[in-house]
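Structure file my_file.txt (compact mmCIF, C-alpha atoms and all ligand atoms) is printed below.
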```
# COMPACT_ATOMS: atom_id res chain seq x y z
CA MET A 4 18.11 11.39 -23.92
CA LYS A 5 15.80 10.69 -26.84
CA ARG A 6 16.45 7.06 -27.46
CA HIS A 7 14.28 4.17 -26.39
CA VAL A 8 14.15 2.70 -22.88
CA ALA A 9 12.91 -0.88 -22.40
CA ILE A 10 11.59 -1.62 -18.92
CA LEU A 11 11.25 -5.32 -18.19
CA GLY A 12 8.52 -6.07 -15.64
CA ALA A 13 5.57 -3.96 -14.47
CA GLY A 14 6.08 -4.49 -10.75
CA PRO A 15 6.39 -1.53 -8.38
CA VAL A 16 9.94 -0.71 -9.50
CA GLY A 17 9.26 -1.13 -13.22
CA LEU A 18 6.21 1.13 -12.92
CA ASP A 19 8.22 3.72 -11.00
CA ALA A 20 10.84 3.59 -13.76
CA ALA A 21 8.07 4.12 -16.31
CA LEU A 22 6.88 7.24 -14.47
CA ALA A 23 10.48 8.49 -14.37
CA CYS A 24 10.80 8.04 -18.13
CA ALA A 25 7.47 9.77 -18.72
CA ASP A 26 8.51 12.68 -16.48
CA ALA A 27 11.82 13.00 -18.32
CA GLY A 28 10.18 12.82 -21.75
CA TRP A 29 12.12 9.68 -22.72
CA PRO A 30 10.47 7.21 -25.11
CA PHE A 31 9.88 3.92 -23.30
CA THR A 32 8.03 0.62 -23.34
CA VAL A 33 7.20 -1.59 -20.36
CA TYR A 34 7.13 -5.32 -21.13
CA GLU A 35 5.11 -7.39 -18.66
CA ALA A 36 4.92 -11.18 -18.94
CA ALA A 37 1.61 -11.52 -17.08
CA ASP A 38 -1.84 -10.40 -18.13
CA THR A 39 -1.85 -7.71 -15.46
CA VAL A 40 0.62 -5.29 -13.93
CA ALA A 41 2.01 -6.12 -10.47
CA ALA A 42 1.57 -9.83 -11.12
CA HIS A 43 4.07 -10.94 -8.48
CA VAL A 44 2.60 -8.63 -5.84
CA ARG A 45 -0.88 -9.96 -6.64
CA ALA A 46 0.44 -13.53 -6.29
CA TRP A 47 1.15 -12.81 -2.62
CA GLY A 48 -1.77 -10.38 -2.39
CA HIS A 49 -3.24 -12.02 0.73
CA ALA A 50 -0.08 -11.21 2.73
CA ARG A 51 0.40 -7.92 4.52
CA LEU A 52 3.56 -5.90 3.91
CA PHE A 53 5.50 -4.92 7.01
CA THR A 54 6.30 -1.49 5.57
CA PRO A 55 3.64 1.23 5.72
CA TRP A 56 2.08 3.14 2.84
CA ASP A 57 4.47 6.05 3.39
CA LEU A 58 7.42 3.79 2.53
CA ASN A 59 5.67 1.99 -0.32
CA VAL A 60 4.63 4.97 -2.45
CA SER A 61 7.46 6.63 -4.39
CA HIS A 62 7.63 10.41 -4.72
CA ARG A 63 6.87 10.05 -8.44
CA MET A 64 3.80 7.91 -7.72
CA ARG A 65 2.62 10.46 -5.18
CA ALA A 66 3.11 13.34 -7.62
CA HIS A 67 1.05 11.54 -10.29
CA LEU A 68 -1.52 10.16 -7.84
CA PRO A 69 -2.05 12.79 -5.13
CA ASP A 70 -4.81 10.64 -3.59
CA ALA A 71 -2.53 7.62 -3.15
CA PRO A 72 -2.79 6.21 0.38
CA THR A 73 -0.57 7.69 3.09
CA GLY A 74 0.22 6.92 6.69
CA ASP A 75 1.46 4.15 8.93
CA ASP A 76 -0.97 1.42 7.92
CA CYS A 77 0.63 -1.52 6.16
CA PRO A 78 -1.28 -2.65 3.06
CA THR A 79 -1.71 -6.20 1.86
CA GLY A 80 -0.14 -7.04 -1.48
CA ALA A 81 -3.62 -6.92 -3.03
CA GLU A 82 -4.22 -3.42 -1.64
CA LEU A 83 -0.83 -2.28 -2.96
CA ALA A 84 -1.78 -3.60 -6.40
CA THR A 85 -5.33 -2.26 -6.55
CA ARG A 86 -4.89 1.07 -4.75
CA LEU A 87 -1.48 2.07 -6.07
CA LEU A 88 0.08 0.01 -8.84
CA GLY A 89 -3.02 -0.54 -10.98
CA PRO A 90 -3.87 3.21 -10.86
CA CYS A 91 -0.24 4.02 -11.77
CA ALA A 92 -0.44 1.84 -14.86
CA ALA A 93 -3.73 3.51 -15.83
CA LEU A 94 -2.24 7.02 -15.75
CA PRO A 95 -2.36 8.92 -19.06
CA ALA A 96 1.45 9.22 -18.83
CA LEU A 97 1.71 5.44 -19.31
CA GLU A 98 -1.06 5.05 -21.88
CA GLY A 99 -0.03 2.71 -24.67
CA ARG A 100 3.35 2.11 -23.02
CA VAL A 101 2.70 -1.14 -21.12
CA ARG A 102 2.68 -4.31 -23.19
CA LEU A 103 0.98 -7.03 -21.15
CA ARG A 104 1.35 -10.77 -21.93
CA THR A 105 4.76 -9.95 -23.38
CA ARG A 106 7.63 -11.84 -21.84
CA VAL A 107 11.18 -10.79 -22.58
CA SER A 108 12.99 -14.09 -22.95
CA ALA A 109 16.47 -12.94 -24.02
CA ILE A 110 18.50 -9.78 -24.55
CA ALA A 111 21.51 -9.20 -26.81
CA ARG A 112 23.52 -6.38 -28.33
CA THR A 113 22.32 -6.39 -31.89
CA GLY A 114 24.83 -8.38 -33.93
CA LEU A 115 27.47 -8.57 -31.19
CA LEU A 116 28.35 -11.72 -29.32
CA LYS A 117 29.03 -11.57 -25.59
CA HIS A 118 32.82 -11.70 -25.98
CA GLU A 119 33.05 -9.13 -28.76
CA GLU A 120 33.99 -5.44 -28.52
CA ILE A 121 35.08 -5.64 -24.91
CA GLY A 122 35.66 -2.37 -23.13
CA ASN A 123 35.49 -0.02 -26.11
CA GLY A 124 32.66 2.26 -27.18
CA THR A 125 31.15 -0.06 -29.78
CA ARG A 126 28.75 -1.90 -27.51
CA ALA A 127 27.49 1.38 -26.03
CA ALA A 128 26.71 2.66 -29.50
CA THR A 129 24.92 -0.54 -30.59
CA PRO A 130 21.26 -1.00 -29.71
CA PHE A 131 19.91 -3.94 -27.74
CA THR A 132 17.63 -6.55 -29.30
CA LEU A 133 14.97 -8.09 -27.08
CA LEU A 134 13.39 -11.44 -27.92
CA LEU A 135 9.71 -11.27 -26.96
CA ASP A 136 7.13 -14.02 -26.39
CA THR A 137 3.75 -12.47 -27.19
CA PRO A 138 0.22 -13.86 -27.60
CA ASP A 139 0.80 -13.66 -31.37
CA GLY A 140 4.10 -15.54 -31.24
CA GLU A 141 7.70 -14.45 -31.12
CA ASP A 142 8.72 -10.91 -31.89
CA THR A 143 11.72 -8.66 -31.40
CA ALA A 144 12.16 -5.08 -30.26
CA GLU A 145 15.08 -2.68 -30.04
CA ALA A 146 16.13 -0.47 -27.16
CA ASP A 147 19.07 1.73 -26.17
CA LEU A 148 18.72 1.49 -22.40
CA VAL A 149 17.41 -1.70 -20.75
CA LEU A 150 16.13 -1.87 -17.17
CA ASP A 151 15.64 -5.42 -15.93
CA CYS A 152 12.99 -5.11 -13.21
CA THR A 153 11.68 -8.68 -13.50
CA GLY A 154 11.86 -9.46 -9.77
CA THR A 155 12.49 -12.88 -8.28
CA TYR A 156 9.12 -14.36 -7.27
CA SER A 157 8.74 -16.67 -10.27
CA HIS A 158 12.15 -18.28 -9.61
CA PRO A 159 12.01 -20.06 -6.25
CA ASN A 160 14.98 -21.88 -4.74
CA THR A 161 14.81 -25.62 -4.23
CA LEU A 162 14.63 -27.68 -1.03
CA GLY A 163 17.72 -29.84 -0.91
CA PRO A 164 20.98 -29.39 0.97
CA GLY A 165 23.26 -26.70 -0.45
CA GLY A 166 20.48 -25.35 -2.64
CA ILE A 167 20.20 -28.22 -5.14
CA PRO A 168 16.96 -30.18 -5.49
CA ALA A 169 16.60 -32.95 -2.90
CA PRO A 170 16.34 -36.44 -4.43
CA GLY A 171 12.68 -36.93 -5.34
CA GLU A 172 11.94 -33.20 -5.38
CA ARG A 173 11.82 -32.82 -9.16
CA ALA A 174 9.56 -35.84 -9.63
CA LEU A 175 7.15 -34.50 -7.01
CA ALA A 176 7.33 -30.87 -8.19
CA ASP A 177 3.57 -30.65 -8.71
CA ARG A 178 3.02 -31.50 -5.03
CA ILE A 179 5.10 -28.56 -3.80
CA THR A 180 3.75 -25.05 -3.19
CA ARG A 181 6.53 -22.48 -3.62
CA THR A 182 4.49 -19.33 -3.02
CA LEU A 183 3.03 -17.93 0.17
CA PRO A 184 -0.01 -20.10 1.04
CA ASP A 185 -3.39 -18.39 1.02
CA THR A 186 -5.21 -19.78 4.04
CA ALA A 187 -8.59 -18.14 3.36
CA ASP A 188 -9.95 -21.62 2.61
CA PRO A 189 -8.76 -23.78 5.55
CA SER A 190 -9.86 -27.02 3.84
CA ARG A 191 -7.17 -26.44 1.23
CA TRP A 192 -4.55 -27.04 3.95
CA ALA A 193 -6.24 -29.80 5.93
CA GLY A 194 -3.88 -32.53 7.19
CA THR A 195 -0.14 -32.26 7.68
CA VAL A 196 1.93 -29.52 6.05
CA LEU A 197 5.70 -29.79 5.77
CA LEU A 198 6.91 -26.18 5.75
CA ALA A 199 10.55 -25.44 4.85
CA GLY A 200 12.37 -22.12 5.22
CA ALA A 201 12.98 -19.52 7.91
CA GLY A 202 12.70 -16.13 6.20
CA LYS A 203 9.82 -13.70 6.43
CA SER A 204 7.71 -15.66 3.92
CA ALA A 205 8.11 -18.92 5.87
CA GLN A 206 7.39 -17.09 9.12
CA THR A 207 4.22 -15.63 7.62
CA ALA A 208 3.16 -19.06 6.37
CA ALA A 209 3.82 -20.64 9.78
CA ARG A 210 1.74 -17.98 11.53
CA ASP A 211 -1.16 -18.35 9.09
CA LEU A 212 -1.13 -22.17 8.97
CA ALA A 213 -0.89 -22.34 12.77
CA ALA A 214 -4.28 -20.62 12.95
CA LEU A 215 -6.01 -23.44 11.06
CA PRO A 216 -7.55 -26.00 13.45
CA GLY A 217 -7.47 -28.82 10.87
CA THR A 218 -3.79 -28.37 10.02
CA ARG A 219 -0.67 -29.80 11.62
CA VAL A 220 2.57 -28.03 10.69
CA GLU A 221 6.00 -29.68 10.65
CA TRP A 222 8.34 -26.74 10.17
CA ALA A 223 11.85 -27.57 8.93
CA VAL A 224 14.44 -24.89 9.71
CA ARG A 225 18.13 -25.19 8.83
CA SER A 226 19.58 -23.15 11.66
CA PRO A 227 19.93 -24.96 15.01
CA GLU A 228 19.07 -21.70 16.78
CA PRO A 229 17.18 -19.42 14.43
CA ALA A 230 17.17 -15.72 15.29
CA TRP A 231 14.31 -15.14 12.81
CA GLY A 232 15.97 -12.00 11.46
CA ALA A 233 15.23 -10.10 14.65
CA VAL A 234 16.16 -6.42 14.57
CA ALA A 235 16.96 -4.67 17.87
CA ASP A 236 14.27 -2.12 18.76
CA ASP A 237 12.45 -2.83 15.50
CA THR A 238 10.46 0.17 14.30
CA LEU A 239 8.29 -2.02 12.06
CA PRO A 240 5.71 -3.69 14.33
CA GLY A 241 4.58 -6.16 11.65
CA ARG A 242 8.10 -7.51 11.28
CA GLN A 243 8.65 -7.72 15.03
CA HIS A 244 5.34 -9.57 15.41
CA LEU A 245 6.50 -12.22 12.93
CA VAL A 246 9.75 -12.72 14.87
CA ASP A 247 7.86 -13.03 18.16
CA THR A 248 5.35 -15.47 16.70
CA SER A 249 8.09 -17.64 15.18
CA GLN A 250 9.94 -17.78 18.49
CA ALA A 251 6.73 -18.64 20.35
CA LEU A 252 5.99 -21.47 17.90
CA THR A 253 9.56 -22.77 18.41
CA ASP A 254 8.95 -22.70 22.15
CA GLY A 255 5.87 -24.90 21.71
CA ALA A 256 3.11 -22.28 21.91
CA ASN A 257 0.88 -24.22 19.51
CA GLU A 258 0.44 -27.97 19.88
CA ARG A 259 -0.30 -28.36 16.15
CA VAL A 260 3.02 -26.80 15.14
CA PHE A 261 6.32 -28.63 15.59
CA VAL A 262 9.49 -26.73 14.72
CA HIS A 263 12.44 -28.92 13.66
CA THR A 264 15.56 -26.78 14.02
CA GLY A 265 19.00 -27.74 12.66
CA VAL A 266 17.58 -29.95 9.89
CA HIS A 267 17.52 -30.03 6.12
CA VAL A 268 15.36 -31.86 3.63
CA GLN A 269 17.26 -34.99 2.59
CA SER A 270 14.78 -36.63 0.23
CA LEU A 271 11.14 -36.88 -0.87
CA SER A 272 9.24 -39.94 -2.02
CA PRO A 273 5.61 -40.80 -2.75
CA ALA A 274 3.60 -42.44 0.07
CA GLY A 275 0.28 -43.28 -1.56
CA ASP A 276 -1.58 -39.99 -1.91
CA ARG A 277 0.85 -38.38 0.48
CA VAL A 278 4.54 -37.54 0.42
CA ARG A 279 7.25 -38.93 2.69
CA VAL A 280 9.84 -36.29 3.54
CA THR A 281 13.09 -37.33 5.19
CA LEU A 282 14.79 -34.65 7.25
CA ALA A 283 18.50 -34.96 8.01
CA ALA A 284 19.14 -34.08 11.66
CA THR A 285 22.06 -34.53 14.06
CA GLY A 286 20.29 -37.26 16.02
CA GLY A 287 19.51 -39.21 12.82
CA PRO A 288 16.96 -38.86 10.03
CA ARG A 289 13.34 -37.95 10.78
CA GLU A 290 10.53 -39.10 8.52
CA ILE A 291 7.38 -37.07 8.04
CA VAL A 292 4.48 -38.20 5.92
CA CYS A 293 2.59 -35.12 4.84
CA ASP A 294 -0.32 -33.97 2.70
CA HIS A 295 1.23 -30.71 1.53
CA ILE A 296 4.72 -29.32 1.12
CA VAL A 297 5.26 -25.58 1.32
CA ALA A 298 8.81 -24.69 0.26
CA LEU A 299 9.68 -21.08 1.08
CA THR A 300 13.45 -21.24 0.73
CA GLY A 301 13.88 -17.93 -1.06
CA TYR A 302 13.84 -16.63 -4.61
CA THR A 303 16.61 -15.57 -6.99
CA GLY A 304 16.16 -13.63 -10.24
CA ASP A 305 16.56 -15.30 -13.62
CA PRO A 306 20.06 -14.66 -15.05
CA SER A 307 19.28 -16.43 -18.34
CA LEU A 308 17.68 -13.23 -19.67
CA TYR A 309 21.06 -11.49 -19.91
CA ARG A 310 23.27 -14.50 -20.66
CA GLN A 311 24.54 -12.84 -23.85
CA LEU A 312 25.37 -9.54 -22.15
CA GLN A 313 28.49 -8.58 -20.24
CA VAL A 314 27.19 -8.74 -16.70
CA HIS A 315 29.62 -9.26 -13.84
CA GLU A 316 27.66 -11.19 -11.25
CA CYS A 317 28.83 -11.78 -7.71
CA TYR A 318 29.92 -15.41 -7.33
CA ALA A 319 28.23 -15.56 -3.92
CA THR A 320 24.99 -13.60 -4.19
CA GLY A 321 24.26 -13.51 -7.93
CA ALA A 322 23.69 -9.75 -7.64
CA PRO A 323 25.65 -7.43 -9.95
CA MET A 324 29.22 -7.42 -8.57
CA ASN A 325 29.63 -3.82 -7.45
CA LEU A 326 26.21 -3.68 -5.86
CA SER A 327 26.76 -7.00 -4.15
CA ALA A 328 30.09 -5.83 -2.71
CA ALA A 329 28.46 -2.66 -1.39
CA LEU A 330 25.56 -4.60 0.12
CA LEU A 331 27.79 -7.24 1.70
CA GLY A 332 29.97 -4.46 3.08
CA SER A 333 26.97 -3.02 4.88
CA ALA A 334 25.39 -6.39 5.76
CA GLY A 335 24.26 -7.39 9.20
CA GLY A 336 22.01 -4.47 9.87
CA ASP A 337 18.39 -3.68 9.33
CA CYS A 338 17.35 -3.38 5.66
CA LEU A 339 15.60 -0.16 6.69
CA THR A 340 18.93 1.44 7.58
CA GLN A 341 21.07 0.12 4.73
CA PRO A 342 22.86 2.96 2.98
CA SER A 343 21.90 4.12 -0.48
CA VAL A 344 24.66 2.71 -2.69
CA GLY A 345 24.70 4.99 -5.76
CA ILE A 346 24.62 4.70 -9.53
CA GLU A 347 28.20 3.43 -9.96
CA THR A 348 27.35 0.25 -8.07
CA LEU A 349 24.35 -0.31 -10.34
CA ARG A 350 26.38 -0.20 -13.55
CA ASN A 351 27.44 -3.36 -15.36
CA PRO A 352 30.35 -3.89 -17.77
CA GLU A 353 27.54 -3.94 -20.36
CA PRO A 354 26.82 -0.26 -20.89
CA HIS A 355 23.24 0.92 -20.48
CA PHE A 356 21.99 -2.35 -18.99
CA PHE A 357 20.74 -2.20 -15.40
CA ILE A 358 19.33 -4.82 -13.05
CA LEU A 359 17.02 -3.00 -10.66
CA GLY A 360 14.40 -3.76 -8.04
CA ALA A 361 14.24 -6.99 -6.04
CA LYS A 362 16.34 -8.82 -8.66
CA SER A 363 19.27 -6.47 -8.08
CA HIS A 364 19.85 -7.92 -4.61
CA GLY A 365 20.41 -11.47 -5.86
CA ARG A 366 20.20 -13.88 -2.94
CA LEU A 367 20.29 -11.15 -0.32
CA ASN A 368 16.89 -10.65 1.27
CA THR A 369 17.45 -7.02 2.16
CA PHE A 370 15.44 -5.45 -0.64
CA LEU A 371 12.76 -2.90 0.16
CA LEU A 372 10.55 -1.00 -2.27
CA ARG A 373 12.11 2.19 -1.00
CA THR A 374 15.51 0.92 -2.20
CA GLY A 375 14.12 0.28 -5.66
CA TYR A 376 12.62 3.76 -5.89
CA GLU A 377 16.02 5.22 -4.88
CA GLN A 378 17.64 3.22 -7.67
CA ILE A 379 15.28 4.89 -10.15
CA ASP A 380 16.20 8.31 -8.72
CA GLN A 381 19.89 7.53 -9.22
CA LEU A 382 19.37 6.24 -12.74
CA THR A 383 17.32 9.22 -13.88
CA ALA A 384 19.84 11.64 -12.36
CA ALA A 385 22.69 9.88 -14.19
CA TYR A 386 20.92 10.04 -17.55
CA ALA A 387 19.32 13.48 -17.18
CA ASP A 388 20.00 16.11 -19.81
CA GLU A 389 21.83 13.70 -22.08
CA PRO A 390 21.08 14.39 -25.75
CA ALA A 391 21.88 10.73 -26.40
CA LEU A 392 23.02 7.87 -24.22
CA PRO A 393 26.40 8.58 -22.65
CA PRO A 394 29.30 6.23 -23.17
CA ALA A 395 29.78 3.39 -20.73
CA GLY A 396 30.90 4.32 -17.26
CA SER A 397 30.44 8.06 -17.79
C1 LIG B 1 5.74 -11.99 0.39
C2 LIG B 1 6.56 -10.77 0.20
C3 LIG B 1 6.40 -9.69 1.07
C4 LIG B 1 7.16 -8.53 0.90
N1 LIG B 1 6.99 -7.51 1.78
C5 LIG B 1 7.68 -6.36 1.60
C6 LIG B 1 7.45 -5.24 2.46
O1 LIG B 1 6.70 -5.32 3.43
N2 LIG B 1 8.11 -4.08 2.19
C7 LIG B 1 8.99 -3.94 1.14
O2 LIG B 1 9.52 -2.85 0.93
N3 LIG B 1 9.25 -5.01 0.35
C8 LIG B 1 8.63 -6.20 0.55
N4 LIG B 1 8.88 -7.27 -0.27
C9 LIG B 1 10.05 -7.22 -1.20
C10 LIG B 1 9.85 -6.44 -2.52
O3 LIG B 1 9.56 -5.10 -2.28
C11 LIG B 1 8.81 -7.06 -3.43
O4 LIG B 1 9.29 -8.32 -3.83
C12 LIG B 1 8.49 -6.22 -4.66
O5 LIG B 1 7.40 -6.80 -5.32
C13 LIG B 1 9.67 -6.10 -5.63
O6 LIG B 1 9.29 -5.25 -6.69
P1 LIG B 1 9.94 -5.37 -8.15
O7 LIG B 1 9.26 -4.34 -8.99
O8 LIG B 1 11.41 -5.34 -8.05
O9 LIG B 1 9.60 -6.83 -8.70
P2 LIG B 1 8.22 -7.65 -8.77
O10 LIG B 1 7.16 -7.08 -7.91
O11 LIG B 1 8.62 -9.05 -8.51
O12 LIG B 1 7.74 -7.46 -10.28
C14 LIG B 1 8.38 -8.07 -11.36
C15 LIG B 1 7.42 -8.07 -12.55
O13 LIG B 1 8.13 -8.55 -13.69
C16 LIG B 1 7.31 -9.47 -14.42
N5 LIG B 1 8.22 -10.36 -15.15
C17 LIG B 1 8.94 -11.39 -14.66
N6 LIG B 1 9.72 -11.94 -15.65
C18 LIG B 1 9.45 -11.23 -16.77
C19 LIG B 1 9.97 -11.27 -18.11
N7 LIG B 1 10.91 -12.16 -18.48
N8 LIG B 1 9.48 -10.40 -19.02
C20 LIG B 1 8.54 -9.46 -18.67
N9 LIG B 1 8.03 -9.38 -17.40
C21 LIG B 1 8.50 -10.23 -16.47
C22 LIG B 1 6.50 -10.16 -13.33
O14 LIG B 1 5.32 -10.73 -13.86
C23 LIG B 1 6.23 -9.01 -12.36
O15 LIG B 1 5.04 -8.31 -12.69
C24 LIG B 1 8.13 -8.45 -0.14
C25 LIG B 1 8.28 -9.53 -1.01
C26 LIG B 1 7.52 -10.67 -0.83
C27 LIG B 1 7.73 -11.82 -1.79
```

Can I see the file as structure tokens?
Ligand SMILES: Cc1cc2nc3c(=O)[nH]c(=O)nc-3n(C[C@H](O)[C@H](O)[C@H](O)COP(=O)(O)OP(=O)(O)OC[C@H]3O[C@@H](n4cnc5c(N)ncnc54)[C@H](O)[C@@H]3O)c2cc1C
Amino acid sequence: MKRHVAILGAGPVGLDAALACADAGWPFTVYEAADTVAAHVRAWGHARLFTPWDLNVSHRMRAHLPDAPTGDDCPTGAELATRLLGPCAALPALEGRVRLRTRVSAIARTGLLKHEEIGNGTRAATPFTLLLDTPDGEDTAEADLVLDCTGTYSHPNTLGPGGIPAPGERALADRITRTLPDTADPSRWAGTVLLAGAGKSAQTAARDLAALPGTRVEWAVRSPEPAWGAVADDTLPGRQHLVDTSQALTDGANERVFVHTGVHVQSLSPAGDRVRVTLAATGGPREIVCDHIVALTGYTGDPSLYRQLQVHECYATGAPMNLSAALLGSAGGDCLTQPSVGIETLRNPEPHFFILGAKSHGRLNTFLLRTGYEQIDQLTAAYADEPALPPAGS
């Protein structure tokens, strides 16, 4: 394949895709919105991954960086960025290929509207146009194969019931932290914190905030009896530790942490310098006046990028339909043991457009770096030895 590959996002999966293109001799460009690679990973850099180095380094990364860390130690996000992803981006193979401060804001088939040329070979033979926001203003670029690896971390879910904003939430948006809190400076979190969510990010936040003597945590959890994502005989000690800590906090292990189970955020309103949060609960509403709100209710990738492309999204998860069906079919288990789903599930009705990495799992929180690296293996195998891009579905 000698035509151009556009890789959107220089996170771990986008960088692995870049190495795959370099190895295959395919022309490619990586577009990264931030002023550094691995921007999302750096944003949660203070948190420790629960997967070890051996699972976080792809075989391509290891081939290009033989000194990349190995073993069972789990890095922090910052260590992953500085010891692995930054060095990857600095490899000669990627020189001049990564465009920082360049956000892809929309993608189209050049000259074709979304509803045109359905199911024939015309779309496959027509290049993509990318609309770029750059430091010098708007620009466009063309590509023949587009890999959307833009992740989810800059698109957090809201607090209200059923996933819509709670009344008052939008007006108080600047009072809400939607990323994992960095507790290195305890004074930043002094007072009362309303924490919402029950996934691994919320569990990490609860553990870290609970360690701060000047902080009281009111933890709002939707499930009446949260299982905290426990995995039987978990082989990842970091993940098991989070489950155990969350359960202990629920059982009252820390007098500064109160876990409200079976509640949802009903509304927010200003209370002087503070915020009044009303929780809906079976016994009647509970009011909490707090100094900080930490909303860790999950993240979902931005579908607006590919609004003009023929992407069949799952109505439930937002992931590409075939992938979503495969993931839901294997749901319920440990993300470590989920089966590899294969290139056909990654394809979209839009030929040569792929959603990869964390974004490919939509609302499902089963994504692991290892899964993303496998997706790149499947993609490169499917496109290997092609003199030009193959027709859709081949
Ligand atoms: C707190 C936390 C802990 C995690 N721990 C683990 C773990 O222990 N093990 C594990 O395997 N997985 C873990 N994950 C899940 C997953 O592996 C990570 O989210 C990982 O960063 C996903 O990689 P990615 O390359 O798909 O996307 P990201 O790392 O999210 O990278 C996306 C990149 O795209 C850029 N971007 C976004 N929009 C645009 C745009 N429009 N144009 C251009 N660039 C754009 C972003 O700036 C970013 O650099 C964790 C996730 C989180 C949030």

What's around Ala71 of chain A at 8 Å? Count all atoms listed in the file, leave out sequence neighbours fewer than 5 positions away in its own chain, and write the answer as a ChimeraX atom specification. /A:60,64-65,86-87

Within 7 Å of ligand LIG 1 (chain B), counting all atoms listed in the file: which residues, as JSON, numbers by chain? {"A": [11, 12, 13, 14, 15, 16, 17, 34, 35, 36, 37, 40, 41, 42, 43, 44, 47, 50, 51, 52, 53, 54, 59, 105, 106, 107, 108, 152, 153, 154, 155, 156, 157, 183, 204, 308, 359, 360, 361, 362, 370, 371, 372, 373, 375]}

Just how far from atom CA of Phe261 of chain A is atom CA of Thr186 of chain A, in Å to one decimal?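 Atom CA of Phe261 of chain A lies 18.6 Å from atom CA of Thr186 of chain A.
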
Just give me the gap between atom CA of Leu326 of chain A and atom CA of His364 of chain A in Å, one decimal is fine.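 These two atoms are separated by 7.7 Å.
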
Between atom CA of Tyr386 of chain A and atom CA of Ala109 of chain A - distance in Å to one decimal: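 Atom-to-atom, atom CA of Ala109 of chain A and atom CA of Tyr386 of chain A are spaced 24.3 Å apart.
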
When distances are computed from all atoms listed in the file, which of A:Met324, A:Cys293, A:Ala385, A:Val260 shows the smallest separation from Gly275 of chain A? A:Cys293
